[in-house]
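Here is my_file.txt, consisting of compact mmCIF, C-alpha atoms:
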# COMPACT_ATOMS: atom_id res chain seq x y z
CA MET A 596 54.07 13.68 -88.16
CA LYS A 597 53.34 16.53 -85.76
CA ILE A 598 53.74 19.06 -88.55
CA PHE A 599 51.35 17.04 -90.70
CA ILE A 600 48.75 17.01 -87.90
CA ILE A 601 49.15 20.77 -87.37
CA VAL A 602 48.77 21.48 -91.09
CA VAL A 603 45.71 19.23 -91.35
CA SER A 604 44.26 20.86 -88.25
CA LEU A 605 44.73 24.33 -89.70
CA LEU A 606 43.13 23.28 -92.99
CA LEU A 607 40.21 21.71 -91.18
CA ALA A 608 39.85 24.77 -88.96
CA ASN A 609 39.05 26.85 -92.01
CA ALA A 610 36.21 24.54 -92.92
CA THR A 611 34.74 24.24 -89.47
CA SER A 612 32.78 26.45 -87.15
CA ALA A 613 33.75 27.28 -83.62
CA HIS A 614 32.45 28.72 -80.39
CA GLU A 615 34.82 30.21 -77.87
CA MET A 616 34.51 32.05 -74.56
CA VAL A 617 37.20 33.42 -72.24
CA PRO A 618 38.40 33.73 -69.54
CA THR A 619 38.27 30.18 -68.26
CA TYR A 620 38.43 31.34 -64.67
CA PRO A 621 36.78 34.76 -64.41
CA LYS A 622 37.14 36.94 -61.33
CA LEU A 623 34.28 38.84 -59.79
CA GLU A 624 35.09 42.35 -58.68
CA PRO A 625 33.01 45.10 -57.09
CA SER A 626 31.04 47.07 -59.64
CA PHE A 627 30.10 50.73 -59.73
CA MET A 628 26.71 49.79 -58.29
CA GLU A 629 26.41 49.01 -54.62
CA GLY A 630 25.46 45.42 -53.90
CA LEU A 631 26.66 44.05 -57.22
CA HIS A 632 29.84 42.36 -58.35
CA LYS A 633 30.77 42.07 -61.98
CA THR A 634 33.02 40.20 -64.34
CA THR A 635 33.75 40.67 -68.03
CA MET A 636 33.56 37.84 -70.54
CA THR A 637 34.54 37.72 -74.18
CA MET A 638 33.00 35.50 -76.83
CA PHE A 639 34.07 34.75 -80.37
CA ASN A 640 31.66 33.31 -82.90
CA LYS A 641 33.08 31.28 -85.74
CA ARG A 642 29.90 29.33 -86.29
CA ALA A 643 28.31 30.48 -89.52
CA ASP A 644 25.13 28.63 -88.59
CA VAL A 645 24.73 30.47 -85.27
CA ASP A 646 24.00 34.15 -84.66
CA TYR A 647 22.80 34.10 -81.07
CA TYR A 648 24.25 32.85 -77.81
CA GLU A 649 22.47 32.61 -74.47
CA ILE A 650 24.25 33.39 -71.21
CA GLY A 651 23.57 31.64 -67.92
CA VAL A 652 25.03 31.64 -64.41
CA PHE A 653 24.74 28.52 -62.27
CA ASP A 654 25.69 27.19 -58.86
CA ALA A 655 27.60 23.95 -58.28
CA ASN A 656 24.40 21.92 -58.79
CA TRP A 657 23.58 23.68 -62.05
CA ILE A 658 20.72 25.63 -60.50
CA PRO A 659 20.39 29.04 -62.22
CA ILE A 660 21.52 32.10 -60.28
CA PRO A 661 20.09 35.58 -60.98
CA PHE A 662 22.38 37.83 -62.96
CA VAL A 663 22.20 40.87 -65.20
CA THR A 664 23.77 41.50 -68.58
CA ASN A 665 22.87 43.88 -71.36
CA TYR A 666 21.09 40.98 -73.03
CA THR A 667 20.51 37.41 -71.91
CA VAL A 668 20.75 36.36 -75.54
CA PHE A 669 23.53 38.09 -77.44
CA LYS A 670 23.64 38.54 -81.15
CA ILE A 671 27.19 37.76 -82.21
CA PRO A 672 27.61 37.90 -85.97
CA TYR A 673 29.81 35.33 -87.66
CA LEU A 674 33.53 35.97 -87.10
CA SER A 675 32.97 38.73 -84.59
CA THR A 676 33.88 39.13 -80.94
CA VAL A 677 31.70 40.51 -78.19
CA SER A 678 32.73 41.46 -74.66
CA PHE A 679 30.07 41.86 -72.03
CA ASP A 680 29.76 42.51 -68.31
CA VAL A 681 27.90 40.10 -66.06
CA PHE A 682 26.57 41.49 -62.77
CA ILE A 683 25.83 39.21 -59.83
CA ARG A 684 24.39 40.20 -56.47
CA ASP A 685 26.81 40.23 -53.56
CA GLN A 686 24.67 37.68 -51.76
CA ASP A 687 25.06 35.24 -54.66
CA ILE A 688 28.77 35.46 -55.33
CA ASN A 689 29.64 32.62 -52.98
CA ASN A 690 27.18 30.35 -54.77
CA ALA A 691 28.06 31.29 -58.33
CA GLU A 692 30.11 28.48 -59.82
CA TYR A 693 29.69 28.51 -63.59
CA ILE A 694 29.02 31.08 -66.26
CA CYS A 695 28.00 29.51 -69.54
CA SER A 696 27.23 30.48 -73.11
CA ARG A 697 25.10 28.27 -75.30
CA SER A 698 24.49 28.45 -79.01
CA LYS A 699 20.95 29.12 -80.15
CA LEU A 700 20.23 27.14 -83.27
CA LYS A 701 17.89 28.04 -86.08
CA LYS A 702 15.18 25.67 -87.16
CA SER A 703 16.49 23.46 -89.92
CA ASP A 704 14.80 22.43 -93.12
CA ARG A 705 16.94 19.31 -93.45
CA THR A 706 16.75 15.90 -91.81
CA ARG A 707 19.90 15.87 -89.76
CA THR A 708 21.54 16.21 -86.39
CA SER A 709 22.68 19.63 -85.21
CA VAL A 710 25.36 20.44 -82.69
CA SER A 711 24.44 22.67 -79.79
CA SER A 712 27.62 23.95 -78.16
CA ARG A 713 27.96 25.18 -74.61
CA ILE A 714 31.11 26.53 -72.95
CA CYS A 715 31.23 27.11 -69.23
CA SER A 716 33.84 29.11 -67.36
CA ARG A 717 34.22 28.59 -63.66
CA PHE A 718 34.55 30.93 -60.72
CA LYS A 719 37.49 29.24 -59.04
CA ASN A 720 36.69 27.72 -55.63
CA GLY A 721 33.09 28.74 -56.09
CA SER A 722 33.72 32.02 -54.33
CA GLY A 723 34.02 34.07 -57.43
CA GLU A 724 36.92 35.89 -55.88
CA MET B 930 93.31 65.38 -91.36
CA LEU B 931 91.20 68.29 -90.23
CA LYS B 932 88.72 67.52 -93.02
CA VAL B 933 88.37 63.90 -91.85
CA ASN B 934 87.70 65.04 -88.27
CA LYS B 935 85.02 67.47 -89.49
CA LEU B 936 83.34 64.67 -91.46
CA SER B 937 83.47 62.41 -88.41
CA ALA B 938 81.89 65.11 -86.29
CA VAL B 939 79.10 65.63 -88.81
CA PHE B 940 78.51 61.87 -88.96
CA LEU B 941 78.33 61.62 -85.16
CA ILE B 942 75.88 64.52 -85.00
CA LEU B 943 73.71 62.86 -87.60
CA VAL B 944 73.78 59.54 -85.77
CA ALA B 945 73.04 61.24 -82.48
CA GLY B 946 70.21 63.12 -84.11
CA THR B 947 68.62 60.01 -85.52
CA THR B 948 69.04 57.75 -82.50
CA PRO B 949 66.07 59.17 -80.54
CA ALA B 950 63.93 58.75 -83.63
CA LEU B 951 64.95 55.12 -83.83
CA ALA B 952 64.15 54.61 -80.17
CA GLN B 953 60.70 56.09 -80.64
CA SER B 954 59.93 53.70 -83.45
CA GLU B 955 60.25 50.65 -81.22
CA THR B 956 56.86 49.18 -80.51
CA GLN B 957 55.95 46.58 -77.97
CA ILE B 958 53.68 43.77 -78.92
CA ASN B 959 51.81 42.59 -75.89
CA GLY B 960 49.91 39.39 -75.61
CA VAL B 961 48.29 37.22 -73.00
CA VAL B 962 48.15 33.48 -73.26
CA GLN B 963 45.19 32.15 -71.37
CA SER B 964 43.52 28.82 -71.19
CA ARG B 965 40.53 28.35 -73.38
CA CYS B 966 38.26 25.76 -74.86
CA ILE B 967 37.01 25.93 -78.41
CA ILE B 968 34.18 23.75 -79.65
CA GLN B 969 34.19 23.27 -83.40
CA THR B 970 31.63 21.50 -85.52
CA ASP B 971 33.42 19.59 -88.26
CA SER B 972 30.25 17.85 -89.37
CA SER B 973 26.79 18.44 -87.98
CA GLY B 974 25.61 15.02 -89.12
CA THR B 975 22.85 13.69 -91.36
CA PHE B 976 20.16 11.09 -90.89
CA GLY B 977 19.80 8.33 -93.41
CA ASN B 978 16.46 6.57 -93.81
CA PRO B 979 17.18 2.87 -94.53
CA ASN B 980 13.58 1.86 -93.92
CA ALA B 981 10.29 3.54 -93.12
CA TYR B 982 10.66 3.35 -89.36
CA THR B 983 14.38 4.11 -88.87
CA LEU B 984 16.47 7.25 -89.02
CA THR B 985 20.17 6.70 -88.48
CA THR B 986 23.49 8.47 -88.87
CA SER B 987 25.14 5.20 -89.92
CA PRO B 988 27.15 5.72 -93.15
CA GLN B 989 26.04 2.30 -94.42
CA ASP B 990 22.48 3.62 -94.38
CA GLY B 991 23.21 6.95 -96.01
CA GLY B 992 23.75 8.93 -92.84
CA GLU B 993 26.71 10.75 -91.35
CA GLY B 994 27.71 11.08 -87.71
CA ALA B 995 28.25 14.43 -86.05
CA VAL B 996 31.95 15.19 -85.67
CA ILE B 997 32.92 17.70 -83.00
CA ARG B 998 36.42 18.95 -82.44
CA VAL B 999 37.42 20.34 -79.05
CA ASP B 1000 40.63 22.33 -78.64
CA VAL B 1001 42.07 23.13 -75.24
CA SER B 1002 45.21 25.12 -74.52
CA LEU B 1003 45.66 24.07 -70.90
CA ALA B 1004 45.71 20.52 -69.58
CA ASP B 1005 43.33 19.49 -66.79
CA ALA B 1006 41.34 22.72 -67.10
CA TYR B 1007 38.23 21.38 -68.83
CA TYR B 1008 36.07 18.36 -69.25
CA VAL B 1009 33.75 17.69 -72.14
CA ASN B 1010 30.23 16.34 -72.02
CA ILE B 1011 28.81 15.16 -75.30
CA THR B 1012 25.19 14.06 -75.29
CA ALA B 1013 23.64 12.11 -78.14
CA PRO B 1014 20.05 13.00 -79.04
CA SER B 1015 17.15 11.47 -77.15
CA SER B 1016 14.40 13.43 -78.90
CA PHE B 1017 13.81 15.48 -82.01
CA SER B 1018 14.15 19.23 -81.65
CA SER B 1019 11.89 19.63 -84.67
CA SER B 1020 9.81 17.07 -86.52
CA PRO B 1021 6.37 16.47 -87.91
CA SER B 1022 3.74 15.10 -85.55
CA LEU B 1023 4.76 11.53 -84.67
CA PRO B 1024 2.35 8.56 -84.54
CA ASP B 1025 4.19 6.68 -81.77
CA THR B 1026 7.07 6.87 -79.34
CA VAL B 1027 10.60 6.80 -80.67
CA THR B 1028 13.38 4.65 -79.28
CA TRP B 1029 16.80 6.28 -79.36
CA VAL B 1030 20.23 4.70 -79.42
CA GLY B 1031 23.33 6.86 -79.44
CA ASP B 1032 26.97 6.84 -78.57
CA THR B 1033 30.01 9.08 -78.69
CA THR B 1034 33.55 7.92 -79.33
CA VAL B 1035 36.94 9.55 -79.76
CA LYS B 1036 37.64 9.62 -83.47
CA THR B 1037 41.05 11.29 -83.68
CA VAL B 1038 43.48 12.96 -81.32
CA SER B 1039 46.35 15.33 -81.94
CA ASP B 1040 48.50 13.80 -79.20
CA ALA B 1041 48.30 10.00 -79.14
CA THR B 1042 50.44 9.81 -76.01
CA GLY B 1043 48.58 12.30 -73.86
CA MET B 1044 45.10 11.57 -75.17
CA GLY B 1045 45.33 7.85 -75.83
CA THR B 1046 43.28 6.94 -72.78
CA TYR B 1047 40.40 9.35 -73.39
CA GLU B 1048 38.11 6.65 -74.77
CA SER B 1049 38.90 4.03 -72.15
CA THR B 1050 38.53 6.42 -69.22
CA LYS B 1051 35.36 8.19 -70.32
CA VAL B 1052 32.35 8.15 -68.04
CA GLU B 1053 29.04 7.23 -69.64
CA LEU B 1054 25.78 8.35 -68.11
CA GLY B 1055 22.85 7.55 -70.35
CA MET B 1056 23.32 9.37 -73.62
CA ALA B 1057 26.02 11.61 -72.15
CA ASP B 1058 29.71 10.78 -72.32
CA ARG B 1059 32.17 12.70 -70.18
CA TYR B 1060 35.82 13.05 -71.11
CA ASP B 1061 38.42 14.70 -68.89
CA LEU B 1062 40.74 16.71 -71.12
CA THR B 1063 44.04 15.93 -69.45
CA ALA B 1064 46.26 17.07 -72.33
CA THR B 1065 46.48 20.13 -74.51
CA GLY B 1066 45.56 19.91 -78.17
CA SER B 1067 42.67 18.82 -80.33
CA THR B 1068 40.30 15.92 -79.92
CA TRP B 1069 37.72 14.86 -82.48
CA PHE B 1070 34.59 13.18 -81.16
CA GLU B 1071 32.01 11.39 -83.30
CA THR B 1072 28.43 10.95 -82.19
CA VAL B 1073 26.19 8.42 -83.87
CA SER B 1074 22.45 8.24 -83.36
CA THR B 1075 19.58 5.99 -84.39
CA ALA B 1076 15.88 6.65 -83.95
CA VAL B 1077 13.37 3.83 -84.39
CA MET B 1078 9.65 4.48 -84.49
CA GLY B 1079 7.59 2.33 -82.12
CA GLY B 1080 5.49 -0.48 -83.58
CA SER B 1081 7.50 -0.35 -86.78
CA LYS B 1082 5.30 2.54 -87.86
CA ALA B 1083 6.59 4.77 -90.58
CA PHE B 1084 8.09 8.19 -89.90
CA PRO B 1085 5.77 10.79 -91.43
CA GLY B 1086 7.23 12.76 -94.30
CA GLY B 1087 9.02 15.96 -93.33
CA ASN B 1088 12.24 17.26 -91.87
CA TYR B 1089 13.69 15.94 -88.65
CA THR B 1090 16.35 17.58 -86.54
CA ALA B 1091 17.94 16.18 -83.41
CA LEU B 1092 20.48 17.96 -81.22
CA VAL B 1093 23.88 16.72 -80.19
CA ILE B 1094 24.92 18.76 -77.17
CA ALA B 1095 28.63 19.44 -76.76
CA GLU B 1096 29.64 21.09 -73.51
CA CYS B 1097 33.10 22.22 -72.47
CA ILE B 1098 33.12 22.92 -68.76
CA ALA B 1099 35.95 24.37 -66.70
CA GLN B 1100 37.10 22.15 -63.85
Let's see the structure in the file written out as structure tokens.
Amino acid sequence: MKIFIIVVSLLLANATSAHEMVPTYPKLEPSFMEGLHKTTMTMFNKRADVDYYEIGVFDANWIPIPFVTNYTVFKIPYLSTVSFDVFIRDQDINNAEYICSRSKLKKSDRTRTSVSSRICSRFKNGSGE
Amino acid sequence: MLKVNKLSAVFLILVAGTTPALAQSETQINGVVQSRCIIQTDSSGTFGNPNAYTLTTSPQDGGEGAVIRVDVSLADAYYVNITAPSSFSSSPSLPDTVTWVGDTTVKTVSDATGMGTYESTKVELGMADRYDLTATGSTWFETVSTAVMGGSKAFPGGNYTALVIAECIAQ
């Protein structure tokens, strides 16, 4: 039965689209710039219907925290992986709790529901370190 | 006898000569297993239009619910929030307010023992359903949605899109 489920899962995986971000528990470390800490995240886009993902950093109450990346919205072509650095001010590292990526959907010309996916990693213990 | 010894010596020299080459050909394959959450869209869903003032994902009315699969590789590391739509993300101009009804349920699990209580222990808050992913593996969630136009007025012609939001959040 387990083998059957695994096989079905693998077959379904080929027909589906996925959004993935790692690590689950990123660590902030001092960056080359004074006053900033950084962490590196990696995203994989297996959603053919999505080309762009938006990054956000939040505190424990989901209030946005200032951060810097190369782009706030990353273009990640289908079936490609992107790694990016996220810089957070030293004064904010104790408040930073979540770092999230959210799919940006295109306007549809069909009457339907669409799935917006968001994955959030967590700075363990809220300290980021 | 002397000839055999010479052959043995040559053989040993050859083996000794090739051994370093064999050692150099060994290659390490390194890998890191880390916890992760993957959100997959099995079906993005479709609205059926059983009457002029209703849009619904009910299969009986020509619709299809959104099916979302969530894979986790570490137990107790993530929870999932799935929020049914409460507005259209794109639509024609509407003549009245729309009443929304939506719900999310566990459709299938890969581990009936570890995930069997997901549906009974979920936390519902409005349109959002929260599931603690306490086991590793795959879980399929289905979200159904119905939109009814106020005053039984007809939905204007055009395309309508509503968003189901699936969030996988590290604990």
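For Glu993 of chain B, the set of protein, DNA and RNA residues having any atom at most 8 Å away, when counting only C-alpha atoms and skipping those fewer than 6 positions along the same chain, is Gly974, Thr975, Phe976, Gly977, Thr986, Ser987 and Val1073 of chain B.
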Hey, can you check how far atom CA of Glu624 of chain A sits from atom CA of Val668 of chain A?
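So the answer is 22.9 Å.
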Please report, as a Markdown table, each residue of chain A lying at most 7 Å from chain B, together with the nearest pair of atoms and the separation in Å rounded to one decimal; use all atoms listed in the file, and order rows by chain and ascending residue number.
| residue | atom | partner | partner_atom | distance |
| --- | --- | --- | --- | --- |
| A:Ile600 | CA | B:Ser1039 | CA | 6.6 |
| A:Thr611 | CA | B:Asp971 | CA | 5.0 |
| A:Ser612 | CA | B:Gln969 | CA | 5.1 |
| A:Ala613 | CA | B:Gln969 | CA | 4.0 |
| A:His614 | CA | B:Ile968 | CA | 5.3 |
| A:Glu615 | CA | B:Ile967 | CA | 4.8 |
| A:Val617 | CA | B:Arg965 | CA | 6.2 |
| A:Pro618 | CA | B:Arg965 | CA | 6.9 |
| A:Thr619 | CA | B:Arg965 | CA | 5.9 |
| A:Ser703 | CA | B:Thr1090 | CA | 6.8 |
| A:Asp704 | CA | B:Asn1088 | CA | 5.9 |
| A:Arg705 | CA | B:Asn1088 | CA | 5.4 |
| A:Thr706 | CA | B:Tyr1089 | CA | 4.4 |
| A:Arg707 | CA | B:Thr975 | CA | 4.0 |
| A:Thr708 | CA | B:Ala1091 | CA | 4.7 |
| A:Ser709 | CA | B:Leu1092 | CA | 4.9 |
| A:Val710 | CA | B:Val1093 | CA | 4.7 |
| A:Ser711 | CA | B:Ile1094 | CA | 4.7 |
| A:Ser712 | CA | B:Ala1095 | CA | 4.8 |
| A:Arg713 | CA | B:Glu1096 | CA | 4.6 |
| A:Ile714 | CA | B:Cys1097 | CA | 4.8 |
| A:Cys715 | CA | B:Ile1098 | CA | 4.6 |
| A:Ser716 | CA | B:Ala1099 | CA | 5.2 |
| A:Arg717 | CA | B:Ala1099 | CA | 5.5 |
Around (41.2, 34.2, -62.5) in the file's own coordinates, what residues are found within 9 Å if you use only C-alpha atoms, given back as a PyMOL selection string?
chain A and resi 618-623+718-719+723-724
Pull C-alpha atoms from the residues just selected and write them as a compact mmCIF listing (two decimals), keeping the file's coordinate frame.
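Writing the result to selection17.txt gives the following:
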# COMPACT_ATOMS: atom_id res chain seq x y z
CA PRO A 618 38.40 33.73 -69.54
CA THR A 619 38.27 30.18 -68.26
CA TYR A 620 38.43 31.34 -64.67
CA PRO A 621 36.78 34.76 -64.41
CA LYS A 622 37.14 36.94 -61.33
CA LEU A 623 34.28 38.84 -59.79
CA PHE A 718 34.55 30.93 -60.72
CA LYS A 719 37.49 29.24 -59.04
CA GLY A 723 34.02 34.07 -57.43
CA GLU A 724 36.92 35.89 -55.88
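Residues lying within 6 Å of Phe653 of chain A, counting only C-alpha atoms and ignoring same-chain neighbours fewer than 6 positions away, are A:Pro659, A:Ile660, A:Ala691, A:Glu692, A:Tyr693.
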